[in-house]
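So this block is run-v5.tsv, TSV, C-alpha atoms:
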chain	number	residue	atom	x	y	z
A	1	MET	CA	18.86	-31.74	-3.70
A	2	ALA	CA	18.23	-28.17	-4.83
A	3	LEU	CA	20.11	-25.24	-3.31
A	4	TRP	CA	16.75	-23.69	-2.34
A	5	GLY	CA	13.05	-24.14	-2.91
A	6	ASN	CA	10.04	-21.85	-2.82
A	7	ASN	CA	8.33	-22.80	0.43
A	8	ASP	CA	9.15	-21.02	3.70
A	9	ASN	CA	6.80	-23.11	5.82
A	10	VAL	CA	6.89	-26.73	4.72
A	11	GLY	CA	5.88	-27.98	8.13
A	12	SER	CA	5.86	-27.16	11.80
A	13	THR	CA	3.41	-29.53	13.45
A	14	GLY	CA	4.43	-31.08	16.76
A	15	THR	CA	7.65	-30.75	18.71
A	16	VAL	CA	11.16	-32.15	18.33
A	17	ALA	CA	14.15	-33.31	20.34
A	18	LEU	CA	17.71	-33.67	19.08
A	19	ASN	CA	20.38	-36.19	20.00
A	20	TYR	CA	23.55	-34.17	19.39
A	21	SER	CA	25.85	-37.20	19.24
A	22	THR	CA	23.91	-38.96	16.46
A	23	GLY	CA	22.19	-36.00	14.74
A	24	VAL	CA	18.85	-37.81	15.02
A	25	VAL	CA	15.79	-35.61	15.43
A	26	THR	CA	12.85	-37.31	17.12
A	27	GLY	CA	9.46	-35.71	16.78
A	28	THR	CA	6.17	-35.90	18.59
A	29	GLY	CA	3.16	-35.31	16.35
A	30	THR	CA	5.40	-34.63	13.32
A	31	THR	CA	4.87	-35.63	9.70
A	32	PHE	CA	8.41	-35.94	8.32
A	33	GLY	CA	8.52	-37.57	4.88
A	34	GLN	CA	4.81	-37.35	4.16
A	35	VAL	CA	3.64	-35.62	0.97
A	36	GLY	CA	3.80	-31.85	1.49
A	37	ALA	CA	5.85	-32.22	4.68
A	38	ALA	CA	9.58	-32.13	5.47
A	39	SER	CA	11.85	-33.96	3.06
A	40	THR	CA	15.56	-34.57	2.54
A	41	GLY	CA	17.38	-31.31	1.76
A	42	ASP	CA	14.96	-29.07	3.64
A	43	VAL	CA	16.19	-26.88	6.49
A	44	ILE	CA	14.84	-27.42	10.00
A	45	ARG	CA	14.82	-24.36	12.29
A	46	PHE	CA	14.90	-25.42	15.93
A	47	GLY	CA	12.94	-23.07	18.16
A	48	ALA	CA	10.47	-20.32	17.39
A	49	ARG	CA	10.51	-16.62	16.69
A	50	GLY	CA	9.93	-14.81	19.96
A	51	GLY	CA	10.97	-17.86	21.98
A	52	ALA	CA	13.99	-20.10	22.37
A	53	TYR	CA	15.96	-20.33	19.10
A	54	PHE	CA	18.65	-23.01	18.78
A	55	GLY	CA	19.66	-22.68	15.12
A	56	ASP	CA	19.16	-24.28	11.72
A	57	ALA	CA	20.32	-27.55	10.13
A	58	VAL	CA	19.81	-29.45	6.85
A	59	ILE	CA	17.80	-32.68	6.91
A	60	VAL	CA	19.90	-35.41	5.24
A	61	SER	CA	17.63	-38.42	5.74
A	62	ILE	CA	14.16	-39.30	6.95
A	63	ALA	CA	13.52	-42.63	8.66
A	64	THR	CA	9.86	-42.26	9.68
A	65	THR	CA	7.23	-39.57	10.18
A	66	ILE	CA	8.73	-38.92	13.61
A	67	SER	CA	12.45	-39.39	12.91
A	68	CYS	CA	14.97	-37.67	10.67
A	69	THR	CA	18.71	-37.00	10.70
A	70	ILE	CA	20.48	-33.67	10.24
A	71	GLY	CA	23.83	-33.31	8.47
A	72	SER	CA	25.62	-31.21	11.06
A	73	THR	CA	25.05	-29.59	14.43
A	74	MET	CA	27.53	-26.76	13.68
A	75	GLY	CA	24.72	-24.23	13.12
A	76	LEU	CA	23.15	-24.98	16.50
A	77	THR	CA	23.77	-23.33	19.87
A	78	GLY	CA	24.67	-26.57	21.65
A	79	GLY	CA	21.90	-26.16	24.19
A	80	ALA	CA	19.70	-29.18	24.89
A	81	ILE	CA	16.85	-29.42	22.40
A	82	SER	CA	13.87	-31.30	23.77
A	83	GLY	CA	10.16	-30.63	23.27
A	84	ALA	CA	11.08	-27.65	21.06
A	85	GLN	CA	8.96	-25.99	18.44
A	86	PHE	CA	10.37	-26.16	14.93
A	87	LYS	CA	9.80	-24.99	11.39
A	88	VAL	CA	10.86	-26.64	8.16
A	89	SER	CA	11.78	-24.39	5.25
A	90	GLN	CA	13.35	-24.63	1.81
A	91	LEU	CA	15.48	-21.54	2.46
A	92	PRO	CA	18.95	-21.37	0.85
A	93	LYS	CA	21.28	-23.92	2.45
A	94	SER	CA	24.18	-21.44	2.24
A	95	SER	CA	22.43	-19.12	4.72
A	96	ILE	CA	22.71	-21.61	7.58
A	97	LYS	CA	26.51	-21.61	7.24
A	98	ASP	CA	26.59	-17.79	7.25
A	99	SER	CA	26.94	-16.61	10.85
A	100	THR	CA	25.22	-13.35	9.85
A	101	TYR	CA	21.94	-15.25	9.49
A	102	SER	CA	22.14	-17.74	12.32
A	103	LYS	CA	21.65	-15.72	15.44
A	104	LYS	CA	18.73	-14.37	17.40
A	105	GLY	CA	18.29	-12.60	20.66
A	106	THR	CA	15.54	-10.55	22.20
A	107	LEU	CA	17.90	-7.76	23.27
A	108	SER	CA	20.13	-7.65	20.21
A	109	GLY	CA	17.44	-8.17	17.56
A	110	ASP	CA	17.61	-11.02	15.10
A	111	SER	CA	19.23	-11.96	11.81
A	112	LEU	CA	17.39	-14.70	9.97
A	113	VAL	CA	16.36	-15.61	6.42
A	114	TYR	CA	12.72	-15.46	5.41
A	115	GLY	CA	10.70	-16.24	2.31
A	116	VAL	CA	9.02	-13.06	1.10
A	117	ALA	CA	5.85	-13.00	-0.96
A	118	ASN	CA	4.26	-9.84	-2.34
A	119	ALA	CA	1.93	-8.84	0.47
A	120	GLY	CA	0.96	-5.72	2.36
A	121	GLY	CA	-0.22	-4.60	5.76
A	122	VAL	CA	3.07	-4.79	7.63
A	123	ILE	CA	5.27	-2.11	9.21
A	124	PRO	CA	6.76	0.00	6.34
A	125	SER	CA	10.32	-0.32	7.70
A	126	TYR	CA	10.15	-4.03	6.91
A	127	GLN	CA	9.42	-3.40	3.22
A	128	VAL	CA	11.83	-5.22	0.89
A	129	THR	CA	12.74	-4.58	-2.74
A	130	ALA	CA	12.08	-8.04	-4.19
A	131	GLU	CA	10.21	-11.26	-3.59
A	132	GLY	CA	12.34	-14.28	-2.76
A	133	TRP	CA	14.68	-15.29	0.03
A	134	VAL	CA	15.64	-12.26	2.10
A	135	GLY	CA	18.02	-11.91	5.02
A	136	VAL	CA	16.50	-9.56	7.59
A	137	THR	CA	18.47	-8.09	10.49
A	138	THR	CA	16.68	-6.05	13.14
A	139	TYR	CA	18.17	-4.09	15.99
A	140	ASN	CA	17.54	-1.01	18.14
A	141	ASP	CA	19.89	1.93	17.67
A	142	SER	CA	21.32	3.95	20.56
A	143	GLN	CA	18.14	6.07	20.70
A	144	GLY	CA	15.94	2.97	20.92
A	145	ASN	CA	14.63	3.22	17.33
A	146	LEU	CA	13.95	0.00	15.44
A	147	ARG	CA	16.36	-0.44	12.52
A	148	VAL	CA	15.87	-3.04	9.81
A	149	LYS	CA	18.49	-4.17	7.30
A	150	LYS	CA	17.26	-6.27	4.37
A	151	GLU	CA	19.40	-8.21	1.90
A	152	THR	CA	17.91	-10.12	-1.03
A	153	LEU	CA	19.74	-13.47	-1.21
A	154	VAL	CA	17.65	-15.03	-4.02
A	155	ALA	CA	15.19	-12.92	-6.00
A	156	MET	CA	12.32	-15.10	-7.24
A	157	SER	CA	8.56	-15.13	-7.42
A	158	GLY	CA	6.23	-17.83	-6.17
A	159	ILE	CA	7.44	-18.02	-2.56
A	160	THR	CA	4.90	-19.78	-0.36
A	161	THR	CA	4.57	-18.73	3.25
A	162	GLY	CA	2.27	-20.56	5.62
A	163	ALA	CA	0.06	-19.52	8.50
A	164	GLY	CA	2.12	-17.93	11.21
A	165	SER	CA	4.96	-17.02	8.86
A	166	ILE	CA	6.34	-13.52	8.79
A	167	VAL	CA	5.35	-11.78	5.58
A	168	TYR	CA	7.25	-8.71	4.43
A	169	PRO	CA	5.70	-6.50	1.72
A	170	THR	CA	7.65	-5.75	-1.44
A	171	ASN	CA	8.13	-2.34	-3.05
A	172	LYS	CA	6.14	-3.34	-6.16
So, in terms of structure tokens, how does the structure I just supplied come out?
Amino acid sequence: MALWGNNDNVGSTGTVALNYSTGVVTGTGTTFGQVGAASTGDVIRFGARGGAYFGDAVIVSIATTISCTIGSTMGLTGGAISGAQFKVSQLPKSSIKDSTYSKKGTLSGDSLVYGVANAGGVIPSYQVTAEGWVGVTTYNDSQGNLRVKKETLVAMSGITTGAGSIVYPTNK
């Protein structure tokens, strides 16, 4: 299992539920284990940007196209996960153990890791200095201005982002 890959949107079709006591994720309409879909070592993000976000976990085994097991529930909020949207990514595994990048809230902004490809057409304040895996923290200051902090975790080219992914332009 690699420490990270180059795909920030391996799969997100269907919905999932999690049994906290066993770590088993059961999907509806999912494609776990199929070619080009989630595989062992990928990170599953429970919830969706702009909606309920429960946290991230590493997939340690895949039983069927609708069933996989995560290694730990420590990076999750503990709230019941049932019928939730999800996203599978090859983001750095170390980022899910870093509390800096495992929180989200509509009032406090968010701090998550994203794959960044060289692309344009996004708000200039989101511009990053390198392609790769980037930690992005957003918040509103005391005057209500959007502030964005970006930290390159792994600089690399060839990051793939899928439809619906957030794409940040680079300063190239």
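Nearest residue to A:Leu91 among A:Asp42, A:Asp141, A:Glu151, A:Glu131 is A:Asp42, counting only C-alpha atoms.
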Determine, counting all atoms listed in the file, which protein, DNA and RNA residues have an atom within 9 Å of an atom of A:Thr40; residues of the same chain fewer than 3 positions away are not included. Present the result as a list in words.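 In the requested format, the answer is Met1, Gly33, Val43, Val58, Ile59, Val60, Ser61, Ile62 and Cys68 of chain A.
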As a check of understanding: the span from atom CA of A:Thr152 to atom CA of A:Tyr53 is 22.7 Å
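A straight line drawn from atom CA of A:Val24 to atom CA of A:Gly75 is 14.9 Å long.
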Give me the residues within 6 Å of stretch 79-86 of chain A as a VMD selection string, counting all atoms listed in the file and dropping any in the same chain fewer than 2 places off. chain A and resid 12 15 to 18 45 to 48 77
Rounded to one decimal in Å, what is the spacing between atom CA of A:Ala117 and atom CA of A:Asn9? 12.2 Å
Got a sec: who's within 6 Å of A:Asn7, counting all atoms listed in the file, leaving out chain neighbours fewer than 6 positions off, as a VMD selection string? chain A and resid 90 159 to 160
With C-alpha atoms kept, could you save the residues just selected as a PDB file, in the frame of the given file?
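Contents of the output file again_34.pdb:
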ATOM      1  CA  GLN A  90      13.350 -24.630   1.810  1.00  0.00           C
ATOM      2  CA  ILE A 159       7.440 -18.020  -2.560  1.00  0.00           C
ATOM      3  CA  THR A 160       4.900 -19.780  -0.360  1.00  0.00           C
TER       4      THR A 160
END
May I ask which of the residues A:Met156, A:Leu3, A:Val116, A:Ile96 is the closest one to A:Met74, counting only C-alpha atoms?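 Smallest distance to A:Met74 is found for A:Ile96.
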To box stretch 130-144 of chain A, take all atoms listed in the file, fit an axis-aligned box, add 8 Å on each side, and give centre and edge lengths in Å to one decimal, as JSON.
{"center_x": 15.8, "center_y": -4.6, "center_z": 8.4, "size_x": 27.1, "size_y": 37.4, "size_z": 41.1}
Need to verify the contact set: A:Gly115, 6 Å, only C-alpha atoms, exclusion of same-chain residues closer than 3 positions in sequence. Can you return it as a PDB file with C-alpha atoms, in the frame of the given file?
ATOM      1  CA  ASP A   8       9.150 -21.020   3.700  1.00  0.00           C
ATOM      2  CA  GLY A 132      12.340 -14.280  -2.760  1.00  0.00           C
ATOM      3  CA  TRP A 133      14.680 -15.290   0.030  1.00  0.00           C
TER       4      TRP A 133
END
Applying 8 Å and only C-alpha atoms, which residues near A:Gly29 remain after dropping the ones on its own chain fewer than 3 positions away? List them as JSON, numbers by chain. {"A": [13, 14, 15, 66]}
Between A:Ala57, A:Val10, A:Val154, A:Val136, which has the minimum distance to A:Val35 (counting all atoms listed in the file)? A:Val10
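Distance annotation: of A:Asn6, A:Gln34, A:Ser142, A:Ser111, the residue with the minimal separation from A:Thr161 is A:Asn6; atom set is only C-alpha atoms.
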A:Leu146, A:Leu153, A:Val134, A:Ile70: which is nearest A:Tyr20, counting all atoms listed in the file?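 Under the stated criterion, the closest residue is A:Ile70.
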